[in-house]
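Data block below; observations after.
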Amino acid sequence: MVKRFGEFAAVDDVTFDVPTGSFFSILGPSGCGKTTLLRMIAGFDEPTSGTIEIRGQNMLGVPPNKRPVNLVFQHLALFPMMDVAENIAFGLKRRGIAASEARKRVDTMLERVGLPGYGEKRIEQLSGGQKQRVAIARCLVLEPSVLLLDEPLGALDLKLREQMKVELKKLQAKVGTTFIYITHDQSEALVMSDRVAVMNKGRFEQVGTPQELYGAPSTPFVAKFVGENNTWKAAVTKSDSGGVELKTDEGYSFIAKANADCREGSRMDLFLRPEAMRIEPRDRAGLNVFDVTVKSILFDGANSRLLTTTREDHELLVTLPQNRRFDHIVPGDEISVGWHPDSGICFEAEE
Amino acid sequence: MQRSRLVFWIFCAPVLCWLFLLIVLPHLDLLRMSFRGENDYGDMVWTFRNYKTFFTEPIYWLTFVRTALYAVITTFITFLLAMPVSFYIAKLARARIQGALVILLLLPFWVSELVRIYGWMILLRESGVLNFFMLKLGIVDTPIEMLYNDATMIMGLVYTSMLFMVVPLVSVMESLDDSLIEAAHDLGAGQFTIWRTIILPHCKPGITSGSIVVFMLTLGNYLTPNLMGGKNSLWFTEQIYNQFIASFNWNQGSAFGFLLLLLSSFIIWLGLRLTRQKLDEVAS
Ligand SMILES: Nc1ncnc2c1ncn2[C@@H]1O[C@H](COP(=O)(O)OP(=O)(O)OP(=O)(O)O)[C@@H](O)[C@H]1O
Ligand SMILES: [Mg+2]
């Protein structure tokens, strides 16, 4: 699929399949073309070229009101002139379903999203999370083949977002509808999805399970965007089948896993996850070990990290395991850290 | 505290003076006059006769009914025409064109109503521009008189009222979130249903305030019905004019003036009741 606005390609040659009944996320920074992609699936925009098929049927030229997909809007777009029940019944009425039958289905749906008895309420009387669920219920009641969600959690506060993440995942498993979910928040994508596509500047960088994206990113962008990473700039000094030897700009020598574009002499970006770094490793054999100074402790429960610098002022994040072994560390301490060659990922440096 | 009160009164004084001297005082005098009349001996006395005349002489109340009816029709036609125009300006036109379109709507109001109507008359009269071209093109054999009938008069009134309906409608439509329209479309609604269930309910306050203004302006219009309407299509304002100027019966004229005020307020109250709205909701 391609979509151009004038010269500018908002969605640039994107191809993907979503298995029926799965939770598929599209993850990308703001302005990368996610909404544009979704609007083409929903039918509000026609692609400049390419096709869209839903259950084997070509959707080109089919208007939004005739497609078996429904969209939960970025800002929900609930109808303020109607109450909750009327909002949910809106689509059913358009299909000519009898009022009594529609009532029954609305009540079932409200129950399913955890809002029984809310039918009479007005939209402005609902909390953020409740509006959220009404917007989803309004689409699900039509039993679409695909439900599209455009950053529906964006407007919620952090606590509620965490809660809704889990609820959405449960809801999807319960109703079994195919979800295509858009977000710029990587944790939303990783927690909820069966598969995630990482999008950048109108292109898909990588499509895979959350584990694949996190553990084996295939492009530097994915490595930087999904989860946290420390970066080093380095040059390849030796390369063989067993691994590569890298010399960083600061002068450290590291061994890392080999990959296709590791030719001798080429420039590399080396990515290291904070949790790949072990503090004061007991068994140093085969590890890349060096010394750092602790600048500060970023305490965040199970997700606590140390902000450290090397002697050359290169900043590194190091995961701080919460087994109380390292409670003695205070800012200013000098510690040694080590990482296993398999956990470093390197790519040819971008210009 | 004391000081700010003083400032308040200084700023309000001109407005209050203006309201009192130019609006309240003359109306009080008109009200007094409307209850005065000559008795059989030619003396001025207090009387309800001026008001009674309105209800007992069919020519007067029939004129009023006709005027009110035509004002309602004019308001409705204006609304029908203004709806798509406003929608285009508020939603479809690009930002740069939007301002130009509103100015185009305003432009006719830079010339006086009288001049505008004479413009129409030049276009429409028997020896007018339109007839000239229709004769040239062979569409008609003899010139037709397009002025001095009710249809032309209503067209003139609609033309005059258009702006007062479009402006409030544009402002309510601008506050309508586009994604509501798209959401309705996505949930299976067609064009017509979207207008009926989303756009119209959202625009209700704008429709009401626009309609009230247009209705009042049309009801109180004098020039257009007088110049474009036929000889036998009397407008109520002409009755008032006749009483004051032709018959020198200021007492009768004032009574008619107050009846116009009361009856039109009553019609608006009725309209609000029928559509279950409150005036303060509309004003906000
Ligand atoms: N109608 C349009 N005309 C021209 N350019 C557009 C149009 N719609 C979107 N764009 C451009 O396409 C790009 C992608 O926009 P899109 O709305 O898809 O981003 P997004 O990924 O949804 O971002 P966000 O996360 O902020 O919602 C943007 O650079 C935007 O400027
Ligand atoms: Mg978006």
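FYI, nothing fancy with the structure tokens labels: chains A, B, ... in order, residues from 1 per chain, ligands from 1 as they appear.
If you take only C-alpha atoms and a cut-off of 7 Å, the residues of chain A that reach chain B are Pro64, Asn65, Lys66, Asn70, Leu71, Ala77, Leu78, Phe79, Met81, Gly91 and Arg94 of chain A.
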Using only C-alpha atoms and all ligand atoms, which residues have at least one atom no more than 7 Å from ligand 1? Output them as a compact mmCIF listing (two decimals) with all heavy atoms, in the first residue's frame.
```txt
# COMPACT_ATOMS: atom_id res chain seq x y z
N PHE A 5 0.48 12.35 -0.14
CA PHE A 5 -0.19 13.66 -0.13
C PHE A 5 0.70 14.57 -0.96
O PHE A 5 1.73 15.02 -0.48
CB PHE A 5 -0.32 14.21 1.29
CG PHE A 5 -1.20 13.38 2.17
CD1 PHE A 5 -0.69 12.70 3.26
CD2 PHE A 5 -2.55 13.27 1.90
CE1 PHE A 5 -1.50 11.94 4.07
CE2 PHE A 5 -3.37 12.52 2.71
CZ PHE A 5 -2.85 11.85 3.79
N ALA A 10 3.13 9.54 2.87
CA ALA A 10 2.82 9.36 4.30
C ALA A 10 2.90 7.88 4.65
O ALA A 10 3.33 7.51 5.73
CB ALA A 10 1.44 9.92 4.63
N GLY A 28 4.88 3.30 16.29
CA GLY A 28 5.77 4.23 15.60
C GLY A 28 5.70 5.60 16.22
O GLY A 28 4.74 5.91 16.95
N PRO A 29 6.69 6.43 15.97
CA PRO A 29 6.69 7.77 16.55
C PRO A 29 5.61 8.64 15.93
O PRO A 29 5.02 8.29 14.91
CB PRO A 29 8.08 8.30 16.21
CG PRO A 29 8.49 7.55 15.00
CD PRO A 29 7.85 6.21 15.10
N SER A 30 5.35 9.78 16.55
CA SER A 30 4.32 10.69 16.06
C SER A 30 4.61 11.14 14.63
O SER A 30 5.75 11.44 14.29
CB SER A 30 4.26 11.90 16.99
OG SER A 30 3.13 12.65 16.70
N GLY A 31 3.58 11.13 13.80
CA GLY A 31 3.74 11.64 12.44
C GLY A 31 4.33 10.65 11.46
O GLY A 31 4.67 11.01 10.35
N CYS A 32 4.42 9.36 11.84
CA CYS A 32 5.05 8.40 10.93
C CYS A 32 4.05 7.82 9.94
O CYS A 32 4.42 7.05 9.07
CB CYS A 32 5.72 7.28 11.71
SG CYS A 32 4.57 6.18 12.51
N GLY A 33 2.78 8.15 10.07
CA GLY A 33 1.79 7.69 9.10
C GLY A 33 0.86 6.61 9.62
O GLY A 33 0.15 5.98 8.84
N LYS A 34 0.79 6.43 10.93
CA LYS A 34 -0.06 5.38 11.48
C LYS A 34 -1.53 5.66 11.23
O LYS A 34 -2.27 4.80 10.75
CB LYS A 34 0.17 5.27 12.99
CG LYS A 34 1.60 5.06 13.41
CD LYS A 34 1.73 4.92 14.91
CE LYS A 34 1.34 6.15 15.70
NZ LYS A 34 2.28 7.26 15.65
N THR A 35 -1.95 6.90 11.56
CA THR A 35 -3.36 7.23 11.38
C THR A 35 -3.75 7.13 9.91
O THR A 35 -4.82 6.62 9.57
CB THR A 35 -3.64 8.64 11.93
OG1 THR A 35 -3.31 8.66 13.30
CG2 THR A 35 -5.09 9.01 11.76
N THR A 36 -2.86 7.60 9.05
CA THR A 36 -3.13 7.53 7.61
C THR A 36 -3.36 6.08 7.17
O THR A 36 -4.31 5.79 6.44
CB THR A 36 -1.94 8.12 6.84
OG1 THR A 36 -1.62 9.38 7.41
CG2 THR A 36 -2.27 8.29 5.38
N LEU A 37 -2.53 5.18 7.66
CA LEU A 37 -2.67 3.76 7.33
C LEU A 37 -4.01 3.22 7.80
O LEU A 37 -4.73 2.55 7.06
CB LEU A 37 -1.51 3.00 7.99
CG LEU A 37 -1.45 1.50 7.79
CD1 LEU A 37 -1.36 1.18 6.31
CD2 LEU A 37 -0.25 0.93 8.52
N THR A 183 -0.32 2.72 18.20
CA THR A 183 0.18 3.42 19.39
C THR A 183 1.59 3.94 19.16
O THR A 183 2.28 3.48 18.26
CB THR A 183 0.17 2.47 20.61
OG1 THR A 183 0.71 3.15 21.72
CG2 THR A 183 0.98 1.23 20.35
N HIS A 184 1.97 4.95 19.94
CA HIS A 184 3.37 5.34 19.90
C HIS A 184 4.06 4.94 21.21
O HIS A 184 5.19 5.27 21.45
CB HIS A 184 3.52 6.84 19.63
CG HIS A 184 2.85 7.71 20.64
ND1 HIS A 184 1.81 8.54 20.33
CD2 HIS A 184 3.05 7.84 21.97
CE1 HIS A 184 1.40 9.14 21.42
NE2 HIS A 184 2.12 8.75 22.42
```
* To do: Using DSSP on the backbone, list every residue of stretch 71-313 of chain A that comes out as alpha helix (DSSP H), and give them as an MDAnalysis selection string.
  => chainID A and resid 84:94 99:112 128:140 158:175 186:192 210:215 220:225
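Take the candidates A:Ser253, A:Ser145, A:Gln74, A:Gln57 and check each one against ligand 2 using only C-alpha atoms and all ligand atoms; the shortest distance goes to A:Gln74.
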* **Neighbour list for stretch 264-273 of chain A as JSON, numbers by chain, cut-off 8 Å, only C-alpha atoms, skip fewer than 4 positions in-chain** => {"A": [220, 223, 228, 229, 230, 231, 232, 233, 234, 235, 236, 237, 238, 239, 277, 343, 344, 345, 346, 347, 348, 349, 350]}
